[in-house]
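A.B. asks: protein-v5.txt is the file, holding compact mmCIF, C-alpha atoms:
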```
# COMPACT_ATOMS: atom_id res chain seq x y z
CA MET J 1171 -15.76 -6.19 34.65
CA LEU J 1172 -17.17 -8.49 31.99
CA ARG J 1173 -14.56 -10.06 29.68
CA LYS J 1174 -14.82 -11.81 26.33
CA GLU J 1175 -14.34 -15.56 26.17
CA VAL J 1176 -10.68 -16.52 25.64
CA PHE J 1177 -9.68 -18.98 22.92
CA SER J 1178 -6.39 -20.87 23.08
CA ARG J 1179 -3.91 -20.14 20.28
CA ALA J 1180 -3.81 -23.82 19.35
CA SER J 1181 -7.56 -24.07 18.82
CA TRP J 1182 -8.56 -20.77 17.27
CA ARG J 1183 -9.26 -22.26 13.87
CA ALA J 1184 -11.58 -24.94 15.27
CA PRO J 1185 -15.32 -24.32 14.74
CA ILE J 1186 -17.22 -23.03 17.76
CA SER J 1187 -20.30 -25.05 18.67
CA GLY J 1188 -23.61 -23.65 17.55
CA LEU J 1189 -24.79 -23.06 21.14
CA ALA J 1190 -21.54 -21.37 22.18
CA ALA J 1191 -21.54 -19.22 19.06
CA SER J 1192 -25.16 -18.17 19.63
CA LEU J 1193 -24.49 -17.30 23.26
CA ALA J 1194 -21.33 -15.40 22.35
CA MET J 1195 -23.05 -13.43 19.61
CA SER J 1196 -26.01 -12.61 21.85
CA PHE J 1197 -23.81 -11.64 24.78
CA PHE J 1198 -21.35 -9.53 22.85
CA GLY J 1199 -24.12 -7.95 20.81
CA SER J 1200 -25.93 -6.79 23.96
CA ILE J 1201 -22.72 -5.40 25.43
CA ALA J 1202 -21.88 -3.56 22.19
CA GLY J 1203 -25.37 -2.18 21.95
CA ALA J 1204 -25.19 -0.89 25.51
CA GLN J 1205 -21.79 0.69 25.05
CA ALA J 1206 -21.73 2.23 21.59
CA GLU J 1207 -23.67 2.99 18.45
CA THR J 1208 -23.04 0.60 15.58
CA ILE J 1209 -23.20 1.34 11.89
CA LYS J 1210 -23.66 -0.96 8.93
CA VAL J 1211 -20.99 -0.56 6.25
CA THR J 1212 -20.22 -2.28 2.98
CA ASP J 1213 -16.53 -3.05 2.72
CA ILE J 1214 -14.42 -3.27 -0.44
CA ALA J 1215 -15.09 -7.01 -0.67
CA GLY J 1216 -18.81 -6.20 -0.89
CA ARG J 1217 -19.50 -7.59 2.59
CA SER J 1218 -22.12 -5.96 4.82
CA VAL J 1219 -20.57 -5.52 8.27
CA ASP J 1220 -21.84 -4.04 11.55
CA VAL J 1221 -19.08 -1.92 13.11
CA LYS J 1222 -18.90 0.29 16.16
CA LYS J 1223 -19.11 3.94 15.10
CA GLY J 1224 -15.82 5.57 16.02
CA VAL J 1225 -13.83 2.41 16.68
CA GLU J 1226 -11.37 2.61 19.57
CA ARG J 1227 -9.21 -0.52 19.37
CA VAL J 1228 -8.15 -1.69 15.93
CA ILE J 1229 -5.78 -4.36 14.60
CA LEU J 1230 -4.28 -3.69 11.16
CA GLY J 1231 -3.63 -6.72 8.97
CA GLU J 1232 -0.68 -4.78 7.51
CA GLY J 1233 1.42 -2.11 9.16
CA ARG J 1234 1.57 -0.19 5.90
CA MET J 1235 -2.11 0.63 6.38
CA MET J 1236 -0.70 3.47 8.49
CA TYR J 1237 -0.16 5.37 5.23
CA SER J 1238 -3.96 5.62 5.11
CA LEU J 1239 -4.70 6.16 8.79
CA ALA J 1240 -2.20 9.00 8.92
CA VAL J 1241 -4.29 11.17 6.59
CA LEU J 1242 -7.36 10.67 8.80
CA ASP J 1243 -5.69 11.85 12.00
CA LYS J 1244 -2.31 13.52 11.58
CA ASP J 1245 -2.27 14.50 15.28
CA ASP J 1246 -2.53 10.94 16.59
CA PRO J 1247 -2.69 8.29 13.84
CA PHE J 1248 -1.81 5.50 16.31
CA GLY J 1249 -4.49 6.50 18.80
CA LYS J 1250 -6.82 3.63 17.88
CA VAL J 1251 -4.23 1.04 16.78
CA VAL J 1252 -3.58 -1.79 19.25
CA GLY J 1253 -1.97 -4.31 16.87
CA TRP J 1254 -0.46 -4.71 13.42
CA LYS J 1255 1.85 -6.77 11.25
CA ASP J 1256 5.51 -5.70 11.21
CA ASP J 1257 5.75 -5.12 7.44
CA LEU J 1258 6.13 -1.35 7.84
CA ILE J 1259 9.10 -1.91 10.14
CA LYS J 1260 10.72 -4.48 7.84
CA TYR J 1261 9.97 -3.13 4.37
CA ASP J 1262 9.76 0.63 4.91
CA PRO J 1263 11.98 1.36 7.92
CA ASP J 1264 12.48 4.97 6.81
CA ALA J 1265 8.75 5.66 7.15
CA TYR J 1266 8.59 3.72 10.41
CA ARG J 1267 11.32 5.92 11.88
CA LYS J 1268 9.37 9.00 10.80
CA PHE J 1269 6.27 7.70 12.56
CA LYS J 1270 8.19 6.56 15.64
CA THR J 1271 9.96 9.91 16.05
CA ALA J 1272 6.64 11.75 15.95
CA PHE J 1273 4.76 9.11 17.97
CA PRO J 1274 6.99 6.98 20.27
CA LYS J 1275 3.96 4.82 21.11
CA ALA J 1276 4.52 3.11 17.73
CA GLU J 1277 7.20 0.95 19.36
CA LYS J 1278 4.68 -0.50 21.78
CA ILE J 1279 2.12 -1.73 19.27
CA LYS J 1280 1.76 -5.50 19.39
CA ASN J 1281 2.97 -7.44 16.36
CA PHE J 1282 0.27 -9.95 15.46
CA GLY J 1283 2.13 -11.38 12.48
CA SER J 1284 0.16 -12.49 9.45
CA PRO J 1285 -3.61 -12.73 9.98
CA TYR J 1286 -3.56 -15.82 7.76
CA SER J 1287 -1.10 -17.92 9.76
CA GLY J 1288 -0.78 -19.46 13.19
CA ASP J 1289 1.14 -16.37 14.32
CA PHE J 1290 -2.10 -14.41 14.56
CA SER J 1291 -3.72 -15.00 17.95
CA ILE J 1292 -7.49 -14.68 18.28
CA GLU J 1293 -6.93 -15.00 22.03
CA SER J 1294 -4.72 -11.91 22.06
CA ALA J 1295 -7.16 -9.96 19.93
CA ILE J 1296 -9.90 -10.70 22.46
CA ALA J 1297 -7.64 -9.82 25.39
CA LEU J 1298 -6.99 -6.41 23.83
CA ASP J 1299 -10.74 -5.73 23.58
CA THR J 1300 -10.33 -5.30 19.83
CA ASP J 1301 -13.40 -3.88 18.15
CA LEU J 1302 -12.24 -4.06 14.51
CA VAL J 1303 -9.70 -5.88 12.31
CA VAL J 1304 -8.81 -4.32 8.95
CA LEU J 1305 -7.55 -6.63 6.20
CA ASN J 1306 -6.34 -6.21 2.64
CA LEU J 1307 -8.67 -7.19 -0.21
CA GLY J 1308 -5.86 -9.05 -1.98
CA ASN J 1309 -5.93 -11.58 0.85
CA LEU J 1310 -9.68 -12.15 0.91
CA PHE J 1311 -9.37 -15.75 -0.29
CA LYS J 1312 -6.73 -16.57 2.34
CA ALA J 1313 -8.89 -15.03 5.05
CA GLU J 1314 -11.85 -17.15 3.99
CA GLU J 1315 -9.78 -20.29 3.56
CA THR J 1316 -8.11 -20.10 6.98
CA GLY J 1317 -11.31 -19.20 8.79
CA VAL J 1318 -9.89 -16.04 10.36
CA ILE J 1319 -12.96 -13.96 9.43
CA GLU J 1320 -15.36 -16.51 10.88
CA ASN J 1321 -13.40 -16.97 14.09
CA LEU J 1322 -12.96 -13.26 14.71
CA GLU J 1323 -16.63 -12.57 14.14
CA LYS J 1324 -17.61 -15.43 16.45
CA ALA J 1325 -15.49 -13.69 19.06
CA GLY J 1326 -17.45 -10.49 18.50
CA ILE J 1327 -14.74 -8.76 16.42
CA PRO J 1328 -15.87 -7.51 12.99
CA VAL J 1329 -13.57 -7.57 9.96
CA ILE J 1330 -13.51 -5.16 7.04
CA PHE J 1331 -11.47 -5.20 3.81
CA ILE J 1332 -9.85 -2.19 2.16
CA ASP J 1333 -7.77 -1.99 -1.03
CA PHE J 1334 -5.04 0.31 -2.29
CA ARG J 1335 -3.12 -2.42 -4.10
CA LYS J 1336 -5.25 -4.68 -6.25
CA ARG J 1337 -7.34 -2.02 -8.02
CA PRO J 1338 -5.90 1.27 -6.77
CA THR J 1339 -7.66 3.63 -9.17
CA GLN J 1340 -11.02 1.97 -8.46
CA ASN J 1341 -10.82 1.23 -4.73
CA THR J 1342 -8.78 4.01 -3.15
CA VAL J 1343 -11.65 6.49 -2.78
CA PRO J 1344 -14.19 4.00 -1.33
CA SER J 1345 -11.49 2.55 0.95
CA LEU J 1346 -10.74 5.98 2.40
CA GLN J 1347 -14.44 6.74 2.77
CA LEU J 1348 -14.95 3.41 4.53
CA LEU J 1349 -12.12 4.13 6.96
CA GLY J 1350 -13.54 7.60 7.52
CA ARG J 1351 -16.89 6.11 8.51
CA VAL J 1352 -15.63 3.48 10.94
CA PHE J 1353 -13.08 5.81 12.57
CA ASP J 1354 -15.66 8.61 12.68
CA LYS J 1355 -13.34 10.77 10.57
CA GLU J 1356 -15.56 11.30 7.54
CA GLN J 1357 -14.68 14.97 7.10
CA GLN J 1358 -10.93 14.26 7.15
CA ALA J 1359 -11.39 11.37 4.73
CA GLN J 1360 -13.33 13.55 2.32
CA GLU J 1361 -10.75 16.32 2.45
CA PHE J 1362 -8.07 13.85 1.41
CA VAL J 1363 -10.32 12.30 -1.25
CA ASP J 1364 -10.83 15.77 -2.76
CA PHE J 1365 -7.06 16.29 -2.84
CA TYR J 1366 -6.52 12.81 -4.29
CA MET J 1367 -9.06 13.34 -7.07
CA THR J 1368 -7.61 16.73 -7.96
CA GLN J 1369 -4.09 15.31 -8.26
CA MET J 1370 -5.20 12.30 -10.30
CA ARG J 1371 -7.20 14.49 -12.70
CA ARG J 1372 -4.19 16.71 -13.33
CA VAL J 1373 -2.83 13.73 -15.27
CA THR J 1374 -5.82 11.82 -16.57
CA ASN J 1375 -7.61 14.84 -18.03
CA ILE J 1376 -4.60 15.46 -20.30
CA VAL J 1377 -3.85 11.80 -21.03
CA ASP J 1378 -7.38 11.35 -22.36
CA GLY J 1379 -6.37 13.49 -25.34
CA ILE J 1380 -3.13 11.64 -26.16
CA ALA J 1381 -3.39 9.32 -29.17
CA ASN J 1382 -2.54 5.63 -28.75
CA GLU J 1383 0.33 5.83 -31.21
CA ASP J 1384 1.95 8.56 -29.08
CA ARG J 1385 2.04 6.43 -25.94
CA PRO J 1386 5.43 4.83 -25.16
CA LEU J 1387 5.89 1.13 -24.44
CA VAL J 1388 6.82 0.83 -20.76
CA PHE J 1389 8.32 -2.08 -18.84
CA MET J 1390 7.78 -1.93 -15.07
CA GLU J 1391 10.20 -4.17 -13.18
CA ASN J 1392 8.82 -5.18 -9.80
CA ALA J 1393 11.52 -4.87 -7.12
CA PRO J 1394 14.67 -5.32 -9.24
CA GLY J 1395 17.55 -6.41 -7.04
CA TRP J 1396 15.35 -7.98 -4.36
CA ASN J 1397 16.80 -11.23 -5.62
CA PRO J 1398 19.95 -10.18 -7.49
CA GLU J 1399 20.01 -13.46 -9.40
CA PHE J 1400 16.45 -13.21 -10.71
CA CYS J 1401 14.99 -11.44 -13.75
CA CYS J 1402 12.20 -10.42 -13.84
CA ASN J 1403 8.72 -9.82 -12.47
CA THR J 1404 6.33 -7.17 -13.71
CA PHE J 1405 2.75 -5.99 -13.20
CA GLY J 1406 -0.08 -6.96 -15.49
CA SER J 1407 -3.19 -4.81 -15.78
CA ALA J 1408 -3.46 -4.10 -12.04
CA ASN J 1409 -1.65 -2.02 -9.45
CA LEU J 1410 1.27 0.03 -10.83
CA GLY J 1411 0.61 -1.50 -14.23
CA LYS J 1412 -2.74 0.30 -14.23
CA LEU J 1413 -1.02 3.57 -13.33
CA ILE J 1414 1.19 3.21 -16.42
CA ASP J 1415 -1.95 3.22 -18.57
CA GLU J 1416 -3.45 6.14 -16.63
CA ALA J 1417 -0.23 8.14 -17.14
CA GLY J 1418 -0.33 7.70 -20.92
CA GLY J 1419 1.93 4.70 -21.41
CA VAL J 1420 1.44 1.20 -22.77
CA ASN J 1421 2.16 -1.32 -20.04
CA TRP J 1422 4.17 -4.17 -21.58
CA GLY J 1423 3.12 -6.52 -18.79
CA ALA J 1424 -0.56 -6.12 -19.66
CA THR J 1425 0.18 -7.04 -23.29
CA VAL J 1426 1.53 -10.36 -22.03
CA SER J 1427 -1.02 -11.21 -19.34
CA PRO J 1428 -3.95 -9.61 -17.51
CA ALA J 1429 -2.69 -11.16 -14.26
CA TYR J 1430 -1.69 -9.04 -11.28
CA SER J 1431 1.88 -10.34 -11.41
CA VAL J 1432 3.79 -11.61 -14.44
CA ASP J 1433 7.11 -13.44 -14.48
CA THR J 1434 9.26 -12.83 -17.54
CA ASN J 1435 12.90 -13.03 -18.65
CA LEU J 1436 15.59 -10.80 -20.08
CA GLU J 1437 15.18 -12.24 -23.56
CA SER J 1438 11.56 -11.05 -23.68
CA ILE J 1439 12.55 -7.58 -22.52
CA LEU J 1440 15.34 -7.35 -25.08
CA ALA J 1441 12.94 -8.42 -27.81
CA ALA J 1442 10.37 -5.79 -26.79
CA ASP J 1443 13.04 -3.09 -26.27
CA PRO J 1444 10.65 -0.77 -24.42
CA GLU J 1445 11.05 2.98 -24.70
CA VAL J 1446 10.79 3.42 -20.93
CA ILE J 1447 11.79 1.16 -18.04
CA ILE J 1448 10.77 1.78 -14.43
CA GLY J 1449 11.92 -0.33 -11.49
CA THR J 1450 10.50 -0.15 -7.98
CA GLY J 1451 12.73 0.24 -4.96
CA ALA J 1452 12.63 0.83 -1.21
CA ASN J 1453 14.91 0.50 1.78
CA TRP J 1454 14.88 -3.27 2.02
CA ALA J 1455 18.58 -3.51 2.88
CA GLU J 1456 18.08 -3.30 6.65
CA ASP J 1457 15.98 -6.46 6.67
CA ARG J 1458 17.59 -8.09 3.60
CA PRO J 1459 21.22 -6.92 3.26
CA SER J 1460 21.79 -8.84 0.01
CA VAL J 1461 19.46 -6.65 -2.07
CA THR J 1462 20.90 -4.55 -4.89
CA SER J 1463 17.69 -2.55 -5.24
CA VAL J 1464 17.49 1.23 -5.31
CA LEU J 1465 16.89 2.12 -1.65
CA LEU J 1466 14.26 4.83 -2.08
CA GLY J 1467 12.52 6.44 0.85
CA TYR J 1468 12.72 9.15 3.49
CA ASP J 1469 16.38 8.45 4.30
CA ALA J 1470 17.57 8.03 0.70
CA GLU J 1471 20.31 10.27 -0.71
CA ALA J 1472 20.52 11.24 -4.38
CA ALA J 1473 24.12 10.08 -4.91
CA ALA J 1474 23.46 6.62 -3.46
CA VAL J 1475 20.26 6.34 -5.51
CA GLN J 1476 22.16 7.10 -8.71
CA GLU J 1477 24.87 4.57 -7.85
CA ARG J 1478 22.37 1.76 -7.43
CA LEU J 1479 20.30 2.83 -10.42
CA LYS J 1480 23.43 2.78 -12.56
CA ALA J 1481 24.31 -0.70 -11.28
CA LEU J 1482 20.87 -1.99 -12.33
CA SER J 1483 21.24 -0.44 -15.77
CA ASP J 1484 24.66 -2.11 -16.13
CA ARG J 1485 23.33 -5.63 -15.62
CA ASN J 1486 24.33 -8.05 -18.35
CA GLY J 1487 22.30 -7.28 -21.48
CA TRP J 1488 20.53 -4.20 -20.17
CA THR J 1489 23.00 -1.72 -21.64
CA GLU J 1490 21.73 -2.67 -25.11
CA LEU J 1491 18.23 -1.40 -24.38
CA LYS J 1492 17.25 1.94 -25.86
CA SER J 1493 15.65 3.02 -22.60
CA VAL J 1494 19.08 2.80 -20.96
CA LYS J 1495 20.88 4.45 -23.88
CA ASN J 1496 18.33 7.29 -23.95
CA LYS J 1497 18.34 7.75 -20.15
CA ARG J 1498 14.67 6.79 -19.90
CA PHE J 1499 15.54 4.31 -17.16
CA HIS J 1500 13.88 5.18 -13.86
CA SER J 1501 13.18 4.02 -10.32
CA VAL J 1502 10.11 4.74 -8.18
CA TYR J 1503 9.27 4.12 -4.52
CA HIS J 1504 7.88 0.61 -4.24
CA GLN J 1505 5.46 1.47 -1.42
CA PHE J 1506 3.40 3.69 -3.70
CA TYR J 1507 1.96 0.35 -4.85
CA ASN J 1508 0.08 -0.07 -1.57
CA SER J 1509 -0.86 3.42 -0.43
CA PRO J 1510 -3.30 6.20 -1.30
CA TYR J 1511 -0.33 8.38 -2.28
CA HIS J 1512 0.06 6.70 -5.66
CA PHE J 1513 -1.06 9.89 -7.42
CA VAL J 1514 2.52 11.09 -6.84
CA ALA J 1515 3.85 8.12 -8.83
CA LEU J 1516 1.21 8.81 -11.50
CA GLN J 1517 2.50 12.35 -11.88
CA ALA J 1518 6.13 11.21 -12.07
CA PHE J 1519 5.18 8.65 -14.73
CA ALA J 1520 3.34 11.29 -16.76
CA LYS J 1521 6.41 13.55 -16.72
CA TRP J 1522 8.60 10.66 -17.90
CA PHE J 1523 6.23 9.53 -20.66
CA HIS J 1524 5.12 12.93 -21.98
CA PRO J 1525 7.53 15.65 -20.84
CA ASP J 1526 6.15 18.28 -23.18
CA GLU J 1527 2.50 17.80 -22.24
CA PHE J 1528 3.36 17.80 -18.54
CA GLU J 1529 6.07 20.44 -18.53
CA ASP J 1530 4.31 22.42 -15.77
CA LEU J 1531 3.49 19.43 -13.56
CA ASP J 1532 5.67 19.21 -10.43
CA PRO J 1533 5.38 15.87 -8.60
CA GLN J 1534 7.82 17.04 -5.92
CA ALA J 1535 5.60 20.00 -5.10
CA THR J 1536 2.62 17.62 -4.93
CA PHE J 1537 4.56 15.34 -2.57
CA GLU J 1538 5.43 18.25 -0.31
CA GLU J 1539 1.85 19.51 -0.27
CA LEU J 1540 0.69 16.01 0.69
CA HIS J 1541 2.97 16.12 3.72
CA ALA J 1542 2.20 19.69 4.70
CA ARG J 1543 -1.57 19.21 4.59
CA PHE J 1544 -2.16 15.60 5.60
CA LEU J 1545 0.84 13.87 7.16
CA PRO J 1546 2.33 14.16 10.66
CA PHE J 1547 5.90 14.69 9.47
CA SER J 1548 7.73 16.59 6.74
CA SER J 1549 8.93 15.20 3.43
CA SER J 1550 12.56 14.21 2.94
CA GLY J 1551 14.68 11.75 0.97
CA VAL J 1552 14.25 10.50 -2.60
CA PHE J 1553 11.14 8.70 -3.91
CA TRP J 1554 11.76 8.59 -7.67
CA ALA J 1555 14.79 9.06 -9.88
CA THR J 1556 16.05 8.97 -13.47
CA LEU J 1557 19.38 7.53 -14.58
CA GLN J 1558 21.80 10.37 -15.21
```
Turn this file's structure into structure tokens for me.

C.D. replies:
Amino acid sequence: MLRKEVFSRASWRAPISGLAASLAMSFFGSIAGAQAETIKVTDIAGRSVDVKKGVERVILGEGRMMYSLAVLDKDDPFGKVVGWKDDLIKYDPDAYRKFKTAFPKAEKIKNFGSPYSGDFSIESAIALDTDLVVLNLGNLFKAEETGVIENLEKAGIPVIFIDFRKRPTQNTVPSLQLLGRVFDKEQQAQEFVDFYMTQMRRVTNIVDGIANEDRPLVFMENAPGWNPEFCCNTFGSANLGKLIDEAGGVNWGATVSPAYSVDTNLESILAADPEVIIGTGANWAEDRPSVTSVLLGYDAEAAAVQERLKALSDRNGWTELKSVKNKRFHSVYHQFYNSPYHFVALQAFAKWFHPDEFEDLDPQATFEELHARFLPFSSSGVFWATLQ
């Protein structure tokens, strides 16, 4: 059996000689051509990439990409995954347990660590006969800087970029369609895209008619309690900050900076006195016991969520804010920021910002329909909450 050339872990970043690279590309190209049809795709970074149609052995640059793969193949979402990063296990253990219960093979997937560090082994990727690596668009510069794209492609392993985080409202649909093409699951991808578009439009079609002066000022606190001594980080005009705008709010972070992430302080928040405050939370306590965040997720319980939400609202100075006094102080599942399920967060935001206009909208029903139609396990837990 013919095998791909093996690179040592210590030397994977070193350039391959022109002759060796040419031979490798010629050899691997002939093998790929003999074994499987290839397709040319344009990824979310705008790169033209030749990929095997119906990939069989894939490494995910982030474990949380499983949120997307699950909707393409609810019967066996791990069937083509041979490696990943352990961020799903560390930062969303509730979801990992759901996946592991349904698919015990999840425990056996190799942890490659970060694709942008020495933990990621090109040698191991070759040994696993990997035919695709999927990376996150937000790390495009790192991937170029470290040479990981170049070295993988010299080893005959194509790389594509997807994005549910940097520009979610712009890149979610093409990312899903791209995954559908390379996994040969185009019909499943389109079914989810249709559902996604329907759920997004249930909000945006109404928000389009809401006057600017009727839109509340909203402060989104990114992961409050992750570092209990720190205040505060928020989103600018990207990611969840963009969803605030789409839900009919005015994102305070975007008024300060167009950047993806914005550091601020309590004094600035007190001065702005936003009408609505939303913090993100997830079950980070298993990996980081010191967090005081709201531990949202599949294992969350309403009483514990309220206890932690109340503790965040009672931080020094926060009780003076009108959003706290008026019980417009909320928490939402942090992982919506990096998944194609963010339409659920959009609907929750719309209900919080404009309760009269969205009286008939039911985000919980949407969440349950998402699970019933597209996911390999049932819904449970708590994913958003309001201070009582």

A.B. asks: Applying 12 Å and only C-alpha atoms, which residues near Ile1380 in chain J remain after dropping the ones on its own chain fewer than 4 positions away? List them as an MDAnalysis selection string.

C.D. replies: chainID J and resid 1373:1376 1384:1386 1415:1420 1520 1523:1524 1526:1528

A.B. asks: Using all atoms listed in the file, find each residue of range 1206-1311 of chain J with at least one atom at most 8 Å away from an atom of range 1324-1348 of chain J; report its shortest atom-to-atom pair and that distance in Å (one decimal), sort the rows by chain and rising residue number, and return the result as a tab-separated table.

C.D. replies:
```
residue	atom	partner	partner_atom	distance
J:Val1211	CA	J:Leu1348	CA	7.4
J:Thr1212	CA	J:Leu1348	CA	7.9
J:Asp1213	CA	J:Phe1331	CA	5.6
J:Ile1214	CA	J:Ile1332	CA	5.4
J:Ala1215	CA	J:Phe1331	CA	6.0
J:Arg1217	CA	J:Ile1330	CA	7.8
J:Val1219	CA	J:Pro1328	CA	7.0
J:Asp1220	CA	J:Pro1328	CA	7.1
J:Val1221	CA	J:Pro1328	CA	6.4
J:Ser1238	CA	J:Leu1346	CA	7.3
J:Ile1296	CA	J:Ala1325	CA	7.2
J:Thr1300	CA	J:Ile1327	CA	6.6
J:Asp1301	CA	J:Ile1327	CA	5.3
J:Leu1302	CA	J:Pro1328	CA	5.2
J:Val1303	CA	J:Val1329	CA	4.8
J:Val1304	CA	J:Ile1330	CA	5.1
J:Leu1305	CA	J:Phe1331	CA	4.8
J:Asn1306	CA	J:Phe1331	CA	5.4
J:Leu1307	CA	J:Phe1331	CA	5.3
J:Gly1308	CA	J:Lys1336	CA	6.1
J:Leu1310	CA	J:Phe1331	CA	7.7
```

A.B. asks: Output the selection as a PDB file, in the frame of the given file - C-alpha atoms for each residue.

C.D. replies:
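What follows is the written file out.pdb:
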```pdb
ATOM      1  CA  VAL J1211     -20.990  -0.560   6.250  1.00  0.00           C
ATOM      2  CA  THR J1212     -20.220  -2.280   2.980  1.00  0.00           C
ATOM      3  CA  ASP J1213     -16.530  -3.050   2.720  1.00  0.00           C
ATOM      4  CA  ILE J1214     -14.420  -3.270  -0.440  1.00  0.00           C
ATOM      5  CA  ALA J1215     -15.090  -7.010  -0.670  1.00  0.00           C
ATOM      6  CA  ARG J1217     -19.500  -7.590   2.590  1.00  0.00           C
ATOM      7  CA  VAL J1219     -20.570  -5.520   8.270  1.00  0.00           C
ATOM      8  CA  ASP J1220     -21.840  -4.040  11.550  1.00  0.00           C
ATOM      9  CA  VAL J1221     -19.080  -1.920  13.110  1.00  0.00           C
ATOM     10  CA  SER J1238      -3.960   5.620   5.110  1.00  0.00           C
ATOM     11  CA  ILE J1296      -9.900 -10.700  22.460  1.00  0.00           C
ATOM     12  CA  THR J1300     -10.330  -5.300  19.830  1.00  0.00           C
ATOM     13  CA  ASP J1301     -13.400  -3.880  18.150  1.00  0.00           C
ATOM     14  CA  LEU J1302     -12.240  -4.060  14.510  1.00  0.00           C
ATOM     15  CA  VAL J1303      -9.700  -5.880  12.310  1.00  0.00           C
ATOM     16  CA  VAL J1304      -8.810  -4.320   8.950  1.00  0.00           C
ATOM     17  CA  LEU J1305      -7.550  -6.630   6.200  1.00  0.00           C
ATOM     18  CA  ASN J1306      -6.340  -6.210   2.640  1.00  0.00           C
ATOM     19  CA  LEU J1307      -8.670  -7.190  -0.210  1.00  0.00           C
ATOM     20  CA  GLY J1308      -5.860  -9.050  -1.980  1.00  0.00           C
ATOM     21  CA  LEU J1310      -9.680 -12.150   0.910  1.00  0.00           C
TER      22      LEU J1310
END
```

A.B. asks: Residues within 12 Å of range 1483-1497 of chain J, please, as a PyMOL selection string. Count all atoms listed in the file; anything in the same chain fewer than 4 positions from it doesn't count.

C.D. replies: chain J and resi 1386-1391+1394-1395+1398-1401+1435-1449+1462-1464+1476-1479+1501+1522-1523+1555-1558

A.B. asks: Near Phe1282 in chain J, counting all atoms listed in the file, which residues have an atom at most 6 Å away, once you skip same-chain residues fewer than 3 positions from it, shown as a PyMOL selection string?

C.D. replies: chain J and resi 1254-1255+1290

A.B. asks: In Å, how far is it from CA of Ser1431 in chain J to CA of Lys1480 in chain J?

C.D. replies: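 The value is 25.3 Å.
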
A.B. asks: Would you compute the distance between CA of Ser1287 in chain J and CA of Val1318 in chain J? Give it in Å to one decimal.

C.D. replies: 9.0 Å

A.B. asks: Which one of J:Phe1269, J:Phe1405, J:Tyr1261, J:Trp1422 sits closest to Leu1239 in chain J if you count all atoms listed in the file?

C.D. replies: J:Phe1269

A.B. asks: Closest to His1504 in chain J among J:Gly1467, J:Gly1350, J:Gly1288, J:Gly1379, using all atoms listed in the file?

C.D. replies: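 Looking at the shortest contact to His1504 in chain J, the residue is J:Gly1467.
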
A.B. asks: Measuring between only C-alpha atoms, which one of J:Tyr1468, J:Thr1425, J:Met1236, J:Val1228 shows the shortest distance to Asp1264 in chain J?

C.D. replies: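 Selected residue with least distance to Asp1264 in chain J: J:Tyr1468.
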
A.B. asks: Please compute the CA of Asn1409 in chain J-CA of Leu1349 in chain J distance, one decimal, in Å.

C.D. replies: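 One can read the CA of Asn1409 in chain J to CA of Leu1349 in chain J distance as 20.4 Å.
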
A.B. asks: For His1541 in chain J, which residue out of J:Asp1299, J:Phe1362, J:Ser1218, J:Lys1412 is the nearest one, using only C-alpha atoms?

C.D. replies: J:Phe1362

A.B. asks: Can you pull out the residues contacting range 1544-1548 of chain J? Cut-off 8 Å, using all atoms listed in the file, and skip same-chain residues under 3 positions away; I want them as a PyMOL selection string.

C.D. replies: chain J and resi 1240-1242+1244-1245+1268-1269+1272+1362+1538+1540-1541

A.B. asks: Residues as selected, C-alpha atoms, written as an mmCIF file, in the coordinates of the input, can you do that?

C.D. replies:
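As written to disk, part-v1.cif reads:
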```cif
data_model
loop_
_atom_site.group_PDB
_atom_site.id
_atom_site.type_symbol
_atom_site.label_atom_id
_atom_site.label_comp_id
_atom_site.auth_asym_id
_atom_site.auth_seq_id
_atom_site.Cartn_x
_atom_site.Cartn_y
_atom_site.Cartn_z
ATOM 1 C CA ALA J 1240 -2.200 9.000 8.920
ATOM 2 C CA VAL J 1241 -4.290 11.170 6.590
ATOM 3 C CA LEU J 1242 -7.360 10.670 8.800
ATOM 4 C CA LYS J 1244 -2.310 13.520 11.580
ATOM 5 C CA ASP J 1245 -2.270 14.500 15.280
ATOM 6 C CA LYS J 1268 9.370 9.000 10.800
ATOM 7 C CA PHE J 1269 6.270 7.700 12.560
ATOM 8 C CA ALA J 1272 6.640 11.750 15.950
ATOM 9 C CA PHE J 1362 -8.070 13.850 1.410
ATOM 10 C CA GLU J 1538 5.430 18.250 -0.310
ATOM 11 C CA LEU J 1540 0.690 16.010 0.690
ATOM 12 C CA HIS J 1541 2.970 16.120 3.720
#
```
